[in-house]
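Student: Got a structure for you, written out below as structure tokens; questions coming shortly.
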Amino acid sequence: VVIDANIFNSHGQTLLRSLADAKIEALHVILQPGEQHKTMADILPAYDRFLGAKIERRTPIISLGGGMITDMGGFIAATLLRGLPLVQIPTTLLAMVDASVGGKTGVNHATGKNLIGAFHQPRCVLIDPQTLRTLPPRELRSGLAECIKHEIIRDAEGFAVLEANLPRVFDLDVEYLDELITHNVTIKARVVEADPFEKGERAHLNFGHTFGHAIENVFNYSYTHGECVALGMVAASRLAVELKMLDSISLDRIINLIKRAELPVGGLNIDDLDRIMDEMLFDKKVASGKLRFVLPDRIGHVVVRDDVPYALVRQAMQSLRG
Ligand SMILES: NC(=O)c1ccc[n+]([C@@H]2O[C@H](COP(=O)([O-])OP(=O)(O)OC[C@H]3O[C@@H](n4cnc5c(N)ncnc54)[C@H](O)[C@@H]3O)[C@@H](O)[C@H]2O)c1
Ligand SMILES: [Zn+2]
């Protein structure tokens, strides 16, 4: 079991107790939270511990935590003995609707995020929305950004349902959370099933992420991933309006929902716009030197464009200035 230190005493103990009750012998390693601890060096002790315990091919790895832990636990499972069965138990909204589903696993490298990794599908993903009760509100909002993203890329009706029910998320109304999480996992799983190795439509999940990753790097992770995605979706949607793909009423609806989710839509302190633009050009998702953008042409549908003039991209990024 690979566990996030922040939840070891709460959900971690519950899981270990459940395994003991089921007479399943479990070993655990506790990983330090914080994106700066998502490195190869941080997972080496887990290899030592598990290999030292004479695990075998059928020994499953269970990750319990946010996306950072599901990514790291997943990578440990992908690489130990060339692949062990994996069970993901996400405990953040972001990990429930996004990181734990789809089989992307990995760690960061000094040159960038998630640059060392593997595709490794979990045997199962167990989600208990009750674990969100201990989640800091900022992290809950961060997960909402990916939910909003899923609706914009795939489901206009789902977007309207989320608009109508947003307060129920903040109330941690479990009945609605069940519905929201199921709906989002379904969207993500369908996209991934159609294109597991990101040769085509899986790229749609990167909506908001080309701008978002650059912001994440330049601001040194002072914004959460979801906050960066929120800002990225605002910039990408504005870019779509500039390109006459998206109407301004849809843009307003997108910005409004992001605001109501208490996520940032601007206010970036960009003193060096060129640096952030360079960051974007170096992102690993740049195909053959061309910047590719996933842009909405209406709520519920996106198109991949690699012919966007640089000046418009710069202008969209600049629009996030405070
Ligand atoms: N593999 C993928 O497809 C994919 C997709 C999206 C994001 N990710 C990765 O996910 C990571 C971000 O995940 P995240 O937003 O879940 O952040 P995170 O895992 O860093 O967790 C955020 C914080 O919440 C704490 N926490 C987790 N669950 C908790 C709970 N139930 N109660 C209280 N505290 C809790 C953590 O200790 C941490 O401090 C990034 O590393 C990103 O690269 C991966
Ligand atoms: Zn994301």
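Just remember, in the structure tokens the first chain shown is A, the second B, etc., residues are 1-based per chain, and ligands are 1-based in the order shown.
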Residues up to 8 Å from ligand 1, counting only C-alpha atoms and all ligand atoms: could you list those as a PyMOL selection string?
Tutor: chain A and resi 4-7+11+32-35+38+65-71+90-95+98-107+113-114+131-136+139+142-143+224-226
Student: Print the selection's residues with N, CA and C atoms to a file, as a short mmCIF file (atom, residue, chain, number, x, y, z; two decimals), in the first residue's frame.
Tutor:
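See again_11.cif below for the written result:
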```cif
data_model
loop_
_atom_site.label_atom_id
_atom_site.label_comp_id
_atom_site.auth_asym_id
_atom_site.auth_seq_id
_atom_site.Cartn_x
_atom_site.Cartn_y
_atom_site.Cartn_z
N ASP A 4 -0.43 8.50 1.19
CA ASP A 4 -0.10 9.91 1.37
C ASP A 4 0.01 10.20 2.88
N ALA A 5 1.13 10.79 3.30
CA ALA A 5 1.35 11.05 4.73
C ALA A 5 0.23 11.86 5.38
N ASN A 6 -0.36 12.78 4.61
CA ASN A 6 -1.41 13.63 5.20
C ASN A 6 -2.65 12.86 5.63
N ILE A 7 -2.87 11.71 5.02
CA ILE A 7 -4.11 11.00 5.35
C ILE A 7 -3.82 9.65 6.01
N HIS A 11 -7.73 8.11 6.71
CA HIS A 11 -8.15 7.10 5.73
C HIS A 11 -7.15 5.95 5.62
N GLN A 32 5.73 11.43 1.18
CA GLN A 32 5.54 12.82 1.59
C GLN A 32 4.70 13.57 0.57
N PRO A 33 3.70 14.32 1.01
CA PRO A 33 2.89 15.09 0.07
C PRO A 33 3.66 16.29 -0.48
N GLY A 34 3.15 16.85 -1.55
CA GLY A 34 3.78 18.02 -2.16
C GLY A 34 4.42 17.64 -3.47
N GLU A 35 4.07 18.36 -4.52
CA GLU A 35 4.52 18.05 -5.87
C GLU A 35 6.05 17.96 -5.96
N LYS A 38 7.45 14.48 -5.77
CA LYS A 38 7.00 13.47 -6.75
C LYS A 38 8.18 13.17 -7.68
N GLY A 65 -4.61 8.03 -1.96
CA GLY A 65 -4.23 9.43 -1.84
C GLY A 65 -4.74 10.24 -3.02
N GLY A 66 -4.18 11.43 -3.15
CA GLY A 66 -4.54 12.29 -4.27
C GLY A 66 -3.83 11.83 -5.55
N GLY A 67 -3.91 12.66 -6.57
CA GLY A 67 -3.34 12.32 -7.88
C GLY A 67 -1.84 12.09 -7.82
N MET A 68 -1.20 12.79 -6.90
CA MET A 68 0.24 12.60 -6.79
C MET A 68 0.55 11.15 -6.38
N ILE A 69 -0.21 10.66 -5.42
CA ILE A 69 0.02 9.30 -4.93
C ILE A 69 -0.47 8.26 -5.94
N THR A 70 -1.61 8.52 -6.60
CA THR A 70 -2.06 7.52 -7.57
C THR A 70 -1.08 7.46 -8.76
N ASP A 71 -0.48 8.61 -9.11
CA ASP A 71 0.54 8.60 -10.17
C ASP A 71 1.79 7.82 -9.73
N PRO A 90 -8.49 6.82 -4.96
CA PRO A 90 -8.26 8.26 -4.94
C PRO A 90 -9.02 8.94 -3.80
N THR A 91 -8.39 9.94 -3.20
CA THR A 91 -9.03 10.64 -2.07
C THR A 91 -9.18 12.14 -2.30
N THR A 92 -8.82 12.62 -3.49
CA THR A 92 -9.14 14.01 -3.83
C THR A 92 -10.12 13.96 -5.00
N LEU A 93 -10.91 15.03 -5.15
CA LEU A 93 -11.87 15.04 -6.26
C LEU A 93 -11.12 14.94 -7.59
N LEU A 94 -9.97 15.62 -7.67
CA LEU A 94 -9.19 15.58 -8.90
C LEU A 94 -8.75 14.16 -9.24
N ALA A 95 -8.28 13.46 -8.25
CA ALA A 95 -7.82 12.09 -8.50
C ALA A 95 -8.99 11.17 -8.82
N ASP A 98 -10.13 12.14 -12.45
CA ASP A 98 -9.13 12.31 -13.50
C ASP A 98 -7.92 11.39 -13.31
N ALA A 99 -7.07 11.70 -12.32
CA ALA A 99 -5.77 11.05 -12.25
C ALA A 99 -5.82 9.52 -12.09
N SER A 100 -6.83 9.02 -11.36
CA SER A 100 -6.83 7.58 -11.07
C SER A 100 -7.38 6.75 -12.23
N VAL A 101 -7.99 7.43 -13.19
CA VAL A 101 -8.60 6.74 -14.32
C VAL A 101 -7.77 6.98 -15.57
N GLY A 102 -7.48 5.95 -16.32
CA GLY A 102 -6.84 6.18 -17.61
C GLY A 102 -5.45 5.61 -17.75
N GLY A 103 -4.83 5.23 -16.65
CA GLY A 103 -3.59 4.46 -16.75
C GLY A 103 -2.31 5.26 -16.93
N LYS A 104 -2.38 6.59 -16.87
CA LYS A 104 -1.11 7.34 -16.94
C LYS A 104 -0.51 7.38 -15.54
N THR A 105 0.76 6.96 -15.44
CA THR A 105 1.43 6.97 -14.13
C THR A 105 2.78 7.63 -14.31
N GLY A 106 3.38 8.09 -13.23
CA GLY A 106 4.72 8.64 -13.39
C GLY A 106 5.15 9.57 -12.27
N VAL A 107 6.37 10.07 -12.46
CA VAL A 107 6.94 11.04 -11.52
C VAL A 107 7.51 12.21 -12.32
N LYS A 113 7.27 18.21 -15.61
CA LYS A 113 6.30 17.39 -14.89
C LYS A 113 6.01 16.07 -15.60
N ASN A 114 5.89 15.01 -14.85
CA ASN A 114 5.45 13.70 -15.37
C ASN A 114 6.28 13.21 -16.55
N THR A 131 -14.52 10.32 1.66
CA THR A 131 -13.14 10.71 1.98
C THR A 131 -12.92 12.21 1.69
N LEU A 132 -13.82 12.80 0.89
CA LEU A 132 -13.65 14.22 0.56
C LEU A 132 -13.95 15.13 1.76
N ARG A 133 -14.56 14.57 2.80
CA ARG A 133 -14.91 15.39 3.98
C ARG A 133 -13.68 16.01 4.63
N THR A 134 -12.53 15.34 4.52
CA THR A 134 -11.32 15.87 5.15
C THR A 134 -10.48 16.71 4.18
N LEU A 135 -10.94 16.80 2.94
CA LEU A 135 -10.12 17.48 1.93
C LEU A 135 -10.21 19.01 2.09
N PRO A 136 -9.05 19.71 2.07
CA PRO A 136 -9.11 21.17 2.16
C PRO A 136 -9.94 21.74 0.98
N GLU A 139 -8.50 22.25 -2.44
CA GLU A 139 -8.28 21.04 -3.24
C GLU A 139 -9.58 20.56 -3.88
N SER A 142 -10.06 22.64 -6.85
CA SER A 142 -9.10 22.25 -7.87
C SER A 142 -9.65 21.08 -8.71
N GLY A 143 -10.28 20.12 -8.04
CA GLY A 143 -10.88 18.99 -8.75
C GLY A 143 -12.04 19.42 -9.62
N THR A 224 -2.52 25.53 -7.59
CA THR A 224 -2.77 24.09 -7.70
C THR A 224 -2.96 23.76 -9.19
N HIS A 225 -2.89 22.47 -9.50
CA HIS A 225 -3.08 22.03 -10.88
C HIS A 225 -4.43 22.51 -11.42
N GLY A 226 -5.47 22.32 -10.61
CA GLY A 226 -6.81 22.71 -11.04
C GLY A 226 -6.93 24.22 -11.28
#
```
Student: Can you tell me, as a ChimeraX atom specification, what residues are no more than 10 Å from A:Pro309 when counting only C-alpha atoms, ignoring any on the same chain fewer than 3 positions away?
Tutor: /A:243,291,306,312-314
Student: Could you tell me, as a VMD selection string, which residues of stretch 260-322 of chain A DSSP assigns to alpha helix (DSSP H) when given the backbone?
Tutor: chain A and resid 260 273 to 282 310 to 318
Student: Fewer than 2 positions away in the same chain doesn't count, so skip those; otherwise give me all residues within 9 Å of stretch 203-210 of chain A, counting only C-alpha atoms, as a ChimeraX atom specification.
Tutor: /A:146,149-150,152-153,188,191,195,198-201,212-215,228-237,280,283,285-286,291-296,302-304
